[in-house]
Structures are given as C-alpha cells and as structure tokens.
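S.K.: My structure file final17.tsv, TSV, C-alpha atoms, is below:
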chain	number	residue	atom	x	y	z
A	1	MET	CA	0.00	0.00	0.00
A	2	THR	CA	1.31	3.46	-0.86
A	3	ASP	CA	1.23	6.62	1.26
A	4	GLN	CA	-1.12	8.14	-1.32
A	5	MET	CA	-3.80	5.58	-0.68
A	6	ARG	CA	-6.36	5.81	2.06
A	7	PHE	CA	-9.16	3.34	2.51
A	8	ILE	CA	-12.61	4.24	1.32
A	9	ASP	CA	-15.19	3.20	3.84
A	10	ARG	CA	-18.90	2.80	3.51
A	11	ARG	CA	-19.52	5.98	5.43
A	12	ALA	CA	-17.41	7.92	2.94
A	13	ALA	CA	-19.37	6.40	0.08
A	14	LEU	CA	-22.60	7.38	1.80
A	15	ALA	CA	-21.31	10.92	2.33
A	16	LEU	CA	-21.18	11.29	-1.43
A	17	GLY	CA	-24.97	11.00	-1.46
A	18	THR	CA	-27.10	8.71	-3.52
A	19	SER	CA	-25.16	9.31	-6.71
A	20	THR	CA	-22.81	6.65	-7.95
A	21	LEU	CA	-19.09	7.01	-7.55
A	22	SER	CA	-17.17	7.91	-10.68
A	23	ALA	CA	-13.49	7.13	-11.00
A	24	ALA	CA	-12.77	10.73	-10.06
A	25	GLY	CA	-15.08	10.46	-7.06
A	26	VAL	CA	-13.47	7.29	-5.78
A	27	LEU	CA	-10.00	8.76	-6.31
A	28	ALA	CA	-11.04	11.89	-4.42
A	29	VAL	CA	-12.19	9.77	-1.48
A	30	LEU	CA	-8.88	7.92	-1.69
A	31	GLY	CA	-7.10	11.25	-1.39
A	32	VAL	CA	-5.60	11.36	-4.87
A	33	ALA	CA	-5.74	14.89	-6.30
A	34	THR	CA	-5.81	13.99	-10.00
A	35	PRO	CA	-5.66	10.83	-12.04
A	36	ARG	CA	-2.39	12.05	-13.65
A	37	ARG	CA	-0.75	12.27	-10.23
A	38	ALA	CA	-2.26	8.94	-9.21
A	39	PHE	CA	-0.59	7.10	-12.04
A	40	ALA	CA	2.91	8.50	-11.76
A	41	ALA	CA	5.83	6.09	-12.01
A	42	GLY	CA	5.52	3.34	-9.43
A	43	ALA	CA	1.93	4.19	-8.46
A	44	PRO	CA	-0.75	1.49	-8.73
A	45	THR	CA	-3.06	1.49	-11.72
A	46	GLN	CA	-6.51	3.06	-11.46
A	47	ASP	CA	-8.21	-0.34	-11.45
A	48	VAL	CA	-6.03	-1.59	-8.59
A	49	GLN	CA	-6.90	1.51	-6.58
A	50	LEU	CA	-10.60	1.21	-7.33
A	51	LEU	CA	-10.68	-2.50	-6.58
A	52	ASN	CA	-8.76	-1.93	-3.35
A	53	ALA	CA	-11.33	0.70	-2.39
A	54	ALA	CA	-13.99	-1.96	-2.93
A	55	ILE	CA	-11.99	-4.43	-0.80
A	56	ALA	CA	-11.92	-1.82	1.97
A	57	LEU	CA	-15.73	-1.65	1.71
A	58	GLU	CA	-15.93	-5.41	2.04
A	59	HIS	CA	-13.58	-5.45	5.03
A	60	GLU	CA	-15.87	-2.96	6.76
A	61	GLY	CA	-18.97	-5.00	5.87
A	62	ILE	CA	-17.40	-8.19	7.23
A	63	ALA	CA	-16.45	-6.38	10.43
A	64	ALA	CA	-19.90	-4.80	10.80
A	65	TYR	CA	-21.60	-8.18	10.62
A	66	GLN	CA	-19.06	-9.64	13.06
A	67	ILE	CA	-19.73	-6.82	15.53
A	68	ALA	CA	-23.46	-7.36	15.12
A	69	ALA	CA	-23.11	-11.12	15.63
A	70	GLU	CA	-21.14	-10.60	18.84
A	71	SER	CA	-23.43	-7.86	20.16
A	72	GLY	CA	-26.05	-10.13	21.68
A	73	LEU	CA	-28.71	-7.79	20.25
A	74	LEU	CA	-29.96	-10.04	17.44
A	75	THR	CA	-32.62	-12.72	17.47
A	76	PRO	CA	-31.44	-16.10	16.17
A	77	ASP	CA	-33.23	-15.64	12.82
A	78	VAL	CA	-31.72	-12.20	12.22
A	79	LEU	CA	-28.30	-13.44	13.35
A	80	LYS	CA	-28.51	-16.21	10.75
A	81	ILE	CA	-29.21	-13.66	8.00
A	82	GLY	CA	-26.30	-11.49	9.16
A	83	ILE	CA	-23.90	-14.42	9.13
A	84	THR	CA	-25.08	-15.34	5.62
A	85	PHE	CA	-24.54	-11.77	4.41
A	86	GLN	CA	-21.12	-11.73	6.06
A	87	GLY	CA	-20.27	-14.83	4.04
A	88	HIS	CA	-21.27	-12.98	0.86
A	89	HIS	CA	-18.95	-10.12	1.81
A	90	LYS	CA	-16.09	-12.54	2.44
A	91	GLN	CA	-16.58	-14.00	-1.05
A	92	HIS	CA	-16.66	-10.47	-2.52
A	93	ARG	CA	-13.41	-9.64	-0.70
A	94	ASP	CA	-11.75	-12.79	-1.97
A	95	ASP	CA	-12.89	-12.24	-5.57
A	96	LEU	CA	-11.73	-8.61	-5.48
A	97	ALA	CA	-8.38	-9.59	-3.95
A	98	SER	CA	-7.91	-12.11	-6.75
A	99	ALA	CA	-8.61	-9.39	-9.31
A	100	VAL	CA	-6.09	-7.03	-7.68
A	101	ARG	CA	-3.44	-9.76	-7.72
A	102	ARG	CA	-4.19	-10.47	-11.42
A	103	LEU	CA	-3.38	-6.83	-12.09
A	104	GLY	CA	-0.11	-7.12	-10.18
A	105	GLY	CA	-1.32	-5.23	-7.12
A	106	GLN	CA	-1.46	-6.01	-3.43
A	107	PRO	CA	-4.91	-6.20	-1.81
A	108	VAL	CA	-5.48	-3.83	1.11
A	109	ALA	CA	-5.53	-5.35	4.58
A	110	ALA	CA	-8.37	-5.12	7.06
A	111	LYS	CA	-8.14	-2.92	10.13
A	112	ALA	CA	-8.61	-4.29	13.64
A	113	LEU	CA	-12.20	-5.11	14.58
A	114	SER	CA	-12.04	-2.51	17.35
A	115	ALA	CA	-11.18	0.20	14.80
A	116	TYR	CA	-14.26	-0.69	12.75
A	117	ALA	CA	-16.38	-0.69	15.92
A	118	THR	CA	-15.23	2.85	16.65
A	119	ASP	CA	-15.66	4.00	13.04
A	120	LEU	CA	-19.19	2.59	12.90
A	121	GLY	CA	-20.25	3.91	16.30
A	122	ALA	CA	-21.07	0.38	17.43
A	123	GLY	CA	-21.06	1.45	21.07
A	124	SER	CA	-24.25	3.43	20.46
A	125	LEU	CA	-26.19	0.40	19.21
A	126	LYS	CA	-28.77	-0.56	21.84
A	127	ASP	CA	-31.14	-2.94	20.08
A	128	GLN	CA	-31.74	-5.05	16.99
A	129	THR	CA	-33.47	-2.18	15.18
A	130	GLY	CA	-30.38	0.00	15.56
A	131	VAL	CA	-28.17	-2.78	14.22
A	132	LEU	CA	-30.48	-3.35	11.24
A	133	LYS	CA	-30.62	0.38	10.44
A	134	LEU	CA	-26.83	0.59	10.43
A	135	ALA	CA	-26.54	-2.52	8.25
A	136	LEU	CA	-29.13	-1.14	5.82
A	137	LYS	CA	-27.27	2.17	5.54
A	138	LEU	CA	-24.01	0.34	4.82
A	139	GLU	CA	-25.57	-1.99	2.25
A	140	ARG	CA	-27.25	0.85	0.37
A	141	GLY	CA	-23.96	2.74	0.26
A	142	ALA	CA	-22.15	-0.35	-1.00
A	143	ALA	CA	-24.70	-0.95	-3.78
A	144	ASN	CA	-24.25	2.63	-4.98
A	145	ALA	CA	-20.47	2.41	-4.74
A	146	TYR	CA	-20.38	-0.73	-6.91
A	147	LEU	CA	-22.68	0.86	-9.47
A	148	GLY	CA	-20.20	3.73	-9.67
A	149	LEU	CA	-17.29	1.37	-10.15
A	150	ILE	CA	-18.74	-0.28	-13.24
A	151	PRO	CA	-18.11	2.57	-15.69
A	152	SER	CA	-14.93	3.62	-13.87
A	153	LEU	CA	-12.97	0.39	-14.32
A	154	ASP	CA	-10.67	0.20	-17.34
A	155	GLN	CA	-10.67	-3.62	-17.43
A	156	THR	CA	-14.08	-4.53	-18.83
A	157	ASP	CA	-13.89	-8.07	-17.45
A	158	PHE	CA	-14.29	-6.52	-13.98
A	159	HIS	CA	-17.55	-4.79	-14.96
A	160	VAL	CA	-19.52	-8.00	-14.51
A	161	LEU	CA	-17.87	-8.65	-11.14
A	162	ALA	CA	-18.81	-5.16	-9.89
A	163	ALA	CA	-22.35	-5.49	-11.30
A	164	ARG	CA	-22.88	-8.82	-9.59
A	165	MET	CA	-21.65	-7.37	-6.30
A	166	ALA	CA	-23.97	-4.37	-6.70
A	167	GLY	CA	-26.82	-6.86	-7.12
A	168	ASP	CA	-25.82	-8.70	-3.96
A	169	GLU	CA	-25.65	-5.44	-2.00
A	170	ALA	CA	-29.05	-4.35	-3.33
A	171	PHE	CA	-30.48	-7.74	-2.30
A	172	HIS	CA	-29.01	-7.30	1.19
A	173	ALA	CA	-30.53	-3.81	1.39
A	174	ALA	CA	-33.94	-5.08	0.28
A	175	THR	CA	-33.87	-7.88	2.84
A	176	LEU	CA	-32.85	-5.53	5.64
A	177	GLY	CA	-35.45	-2.95	4.61
A	178	ASN	CA	-38.08	-5.66	4.76
A	179	ALA	CA	-36.89	-6.77	8.21
A	180	LEU	CA	-37.30	-3.16	9.37
A	181	GLY	CA	-40.79	-2.98	7.89
A	182	GLU	CA	-39.88	-0.30	5.36
A	183	ALA	CA	-42.40	0.36	2.63
A	184	ILE	CA	-41.54	-0.74	-0.89
A	185	PRO	CA	-40.34	2.34	-2.80
A	186	GLN	CA	-43.02	3.63	-5.14
A	187	LYS	CA	-40.56	4.78	-7.81
A	188	ALA	CA	-38.10	2.63	-9.73
A	189	LEU	CA	-34.35	3.21	-10.11
A	190	ILE	CA	-33.79	3.03	-6.37
A	191	PHE	CA	-29.99	2.81	-6.57
A	192	GLY	CA	-27.47	4.87	-8.45
Output the structure of this file as structure tokens.
M.R.:
Amino acid sequence: MTDQMRFIDRRAALALGTSTLSAAGVLAVLGVATPRRAFAAGAPTQDVQLLNAAIALEHEGIAAYQIAAESGLLTPDVLKIGITFQGHHKQHRDDLASAVRRLGGQPVAAKALSAYATDLGAGSLKDQTGVLKLALKLERGAANAYLGLIPSLDQTDFHVLAARMAGDEAFHAATLGNALGEAIPQKALIFG
C-alpha cells in the first residue's frame, strides 16, 4: 500500500450521497488529487486503486456483521441472516483480492475489529433495530459504490464482477429494509 492511498469506507461512500461514484469520485475519497498524479511512475493502476477501495468496503462490511453477531442484540433468525450476508462479503473480498493480484497489485488489509467498531459507532447500538438500520445504511452505500465502479474500471472483465456485487448489496438492502418494515419504494431506479 502506498502513502497516497487511504481506505474508502462505507460511510465515505454514503457521504457522497445517492449518486454513484465515478473514477474521479473514488480517487477523491482515496485522497488522490488527479488521475495524472495517481498514475505517476511506481503508483498502482486506477483499477487496482478502485478494486482496493472496494476491498476496503468489504472489510468494513465483514467487520460490521461480526460486531453485530457478537453484540447479543440479534434474534437467532436475524443473526442467521447477518452471518449469511457476512459470508457474501467474504466471497466479494476474496474475488476482489484475486482481481487485484491479477493486475499485479497487493490487496489492502483489514483494520482491527475494534477500529471498525469505533468508526461505525457500534457502542451506540442498543437494540436489533439499531443494528439493522446501520446494516441497511451500509448496504445501500455499497450498492451505490459498486454501481459507480462499473463505468470507472478500465478492465471490462471486472464490470460484470462489480455489477454482480452491486446486485448482492441491493439484495441485502432489500432484505434488511423488509426486516425493518420499510415500505416498498413507489418509484423505480432506487440505486445509483
């Protein structure tokens, strides 16, 4: 990992609003001033940086579901769903890490679980509803982030990977919204 690169997290993706992340948007969150500077001699390629940003999202998702599982706030049925979704995020992480390695890059490492707990404000979670609301917010942000990656990636073979992951995240969001009793949106084009 270079000094130029900072991890994108789901909260940063959410801070960008409901619009999708363009390559420039993801690079801005990563702290890279311009694409020209980002790709100076010895710097990782744009796709490696973007895929590593996605890995950072997956690390945070894995940690969030681990924190939720250990919280003691979830019913057994909801815990089972969370563990299933965490498994999806682990597969996403592994598939993204494989893609980064194919491009000659090094996948970003996860932070300590305690760091994610602090970043996510896990100490303020008091009940299952709070946990579900946080998970829903993270999943919606991840779906939008993946939709933004699709047109931003230079390697077209990674477009399908990002699209499939966006679909998974949207499914997670729909399931969590249902668990919270949210109404079905009346208008289409919910994400992006």
S.K.: Show me the residues close to (-14.2, -0.3, 14.9) - anything with an atom within 12 Å, counting all atoms listed in the file - and format the list as a list in words.
M.R.: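 Every polymer residue passing the test: Asp9, His59, Glu60, Gly61, Ile62, Ala63, Ala64, Tyr65, Gln66, Ile67, Ala68, Ala110, Lys111, Ala112, Leu113, Ser114, Ala115, Tyr116, Ala117, Thr118, Asp119, Leu120, Gly121, Ala122 and Gly123 of chain A.
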S.K.: Ranking A:Leu136, A:Ala56, A:Val131, A:Ala99 by minimum distance to Thr175 in chain A and counting all atoms listed in the file, which one comes first?
M.R.: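 For Thr175 in chain A, the nearest of the candidates is A:Leu136.
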S.K.: Pick out the residues sitting within 12 Å of Val160 in chain A, and hand them over as a VMD selection string; count only C-alpha atoms, and ignore anything fewer than 6 positions along from it in its own chain.
M.R.: chain A and resid 95 to 96 146 to 147 149 to 151 153 166 to 167
S.K.: Work out how far CA of Pro185 in chain A is from CA of His89 in chain A, in Å to one decimal.
M.R.: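 Computing the Euclidean distance for CA of His89 in chain A and CA of Pro185 in chain A yields 25.2 Å.
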S.K.: What's the separation between CA of Thr45 in chain A and CA of Gln91 in chain A, in Å to one decimal place?
M.R.: 23.2 Å
S.K.: Can you measure CA of Ala183 in chain A to CA of Ala54 in chain A for me? One decimal in Å is fine.
M.R.: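 Atom-to-atom, CA of Ala183 in chain A to CA of Ala54 in chain A, that is 29.0 Å.
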S.K.: Which one of A:Ala69, A:Leu180, A:Leu132, A:Ala170 sits closest to Asn144 in chain A if you count all atoms listed in the file?
M.R.: A:Ala170
S.K.: Kindly indicate which residue among A:Gly148, A:Leu57, A:Pro76, A:Lys137 lies nearest to Lys90 in chain A, using only C-alpha atoms for the distances.
M.R.: A:Leu57
S.K.: Env of Glu139 in chain A: 10 Å cut, atoms = all atoms listed in the file, seq-sep filter 5 positions within chain, self excluded. Answer as a ChimeraX atom specification.
M.R.: /A:10,14,57,61,133-134,144-145,166,168-174,176
S.K.: Could the residues in this selection be saved with C-alpha atoms as a compact mmCIF listing (two decimals), keeping the file's coordinate frame?
M.R.:
# COMPACT_ATOMS: atom_id res chain seq x y z
CA ARG A 10 -18.90 2.80 3.51
CA LEU A 14 -22.60 7.38 1.80
CA LEU A 57 -15.73 -1.65 1.71
CA GLY A 61 -18.97 -5.00 5.87
CA LYS A 133 -30.62 0.38 10.44
CA LEU A 134 -26.83 0.59 10.43
CA ASN A 144 -24.25 2.63 -4.98
CA ALA A 145 -20.47 2.41 -4.74
CA ALA A 166 -23.97 -4.37 -6.70
CA ASP A 168 -25.82 -8.70 -3.96
CA GLU A 169 -25.65 -5.44 -2.00
CA ALA A 170 -29.05 -4.35 -3.33
CA PHE A 171 -30.48 -7.74 -2.30
CA HIS A 172 -29.01 -7.30 1.19
CA ALA A 173 -30.53 -3.81 1.39
CA ALA A 174 -33.94 -5.08 0.28
CA LEU A 176 -32.85 -5.53 5.64
S.K.: Rank nothing, just name the residue among A:Glu70, A:Asp47, A:Asp127, A:Glu182 nearest to Leu103 in chain A, using all atoms listed in the file.
M.R.: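 Comparing A:Glu70, A:Asp47, A:Asp127, A:Glu182 against Leu103 in chain A, the winner is A:Asp47.
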S.K.: Using all atoms listed in the file, can you tell me which of A:Ala53, A:Val78, A:Ile83, A:Leu161 comes closest to Ala179 in chain A?
M.R.: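 Closest to Ala179 in chain A, using all atoms listed in the file: A:Val78.
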S.K.: Nearest to Leu51 in chain A among A:Pro107, A:Gly72, A:Gly192, A:Gly82, with distances taken over all atoms listed in the file: which residue is it?
M.R.: A:Pro107
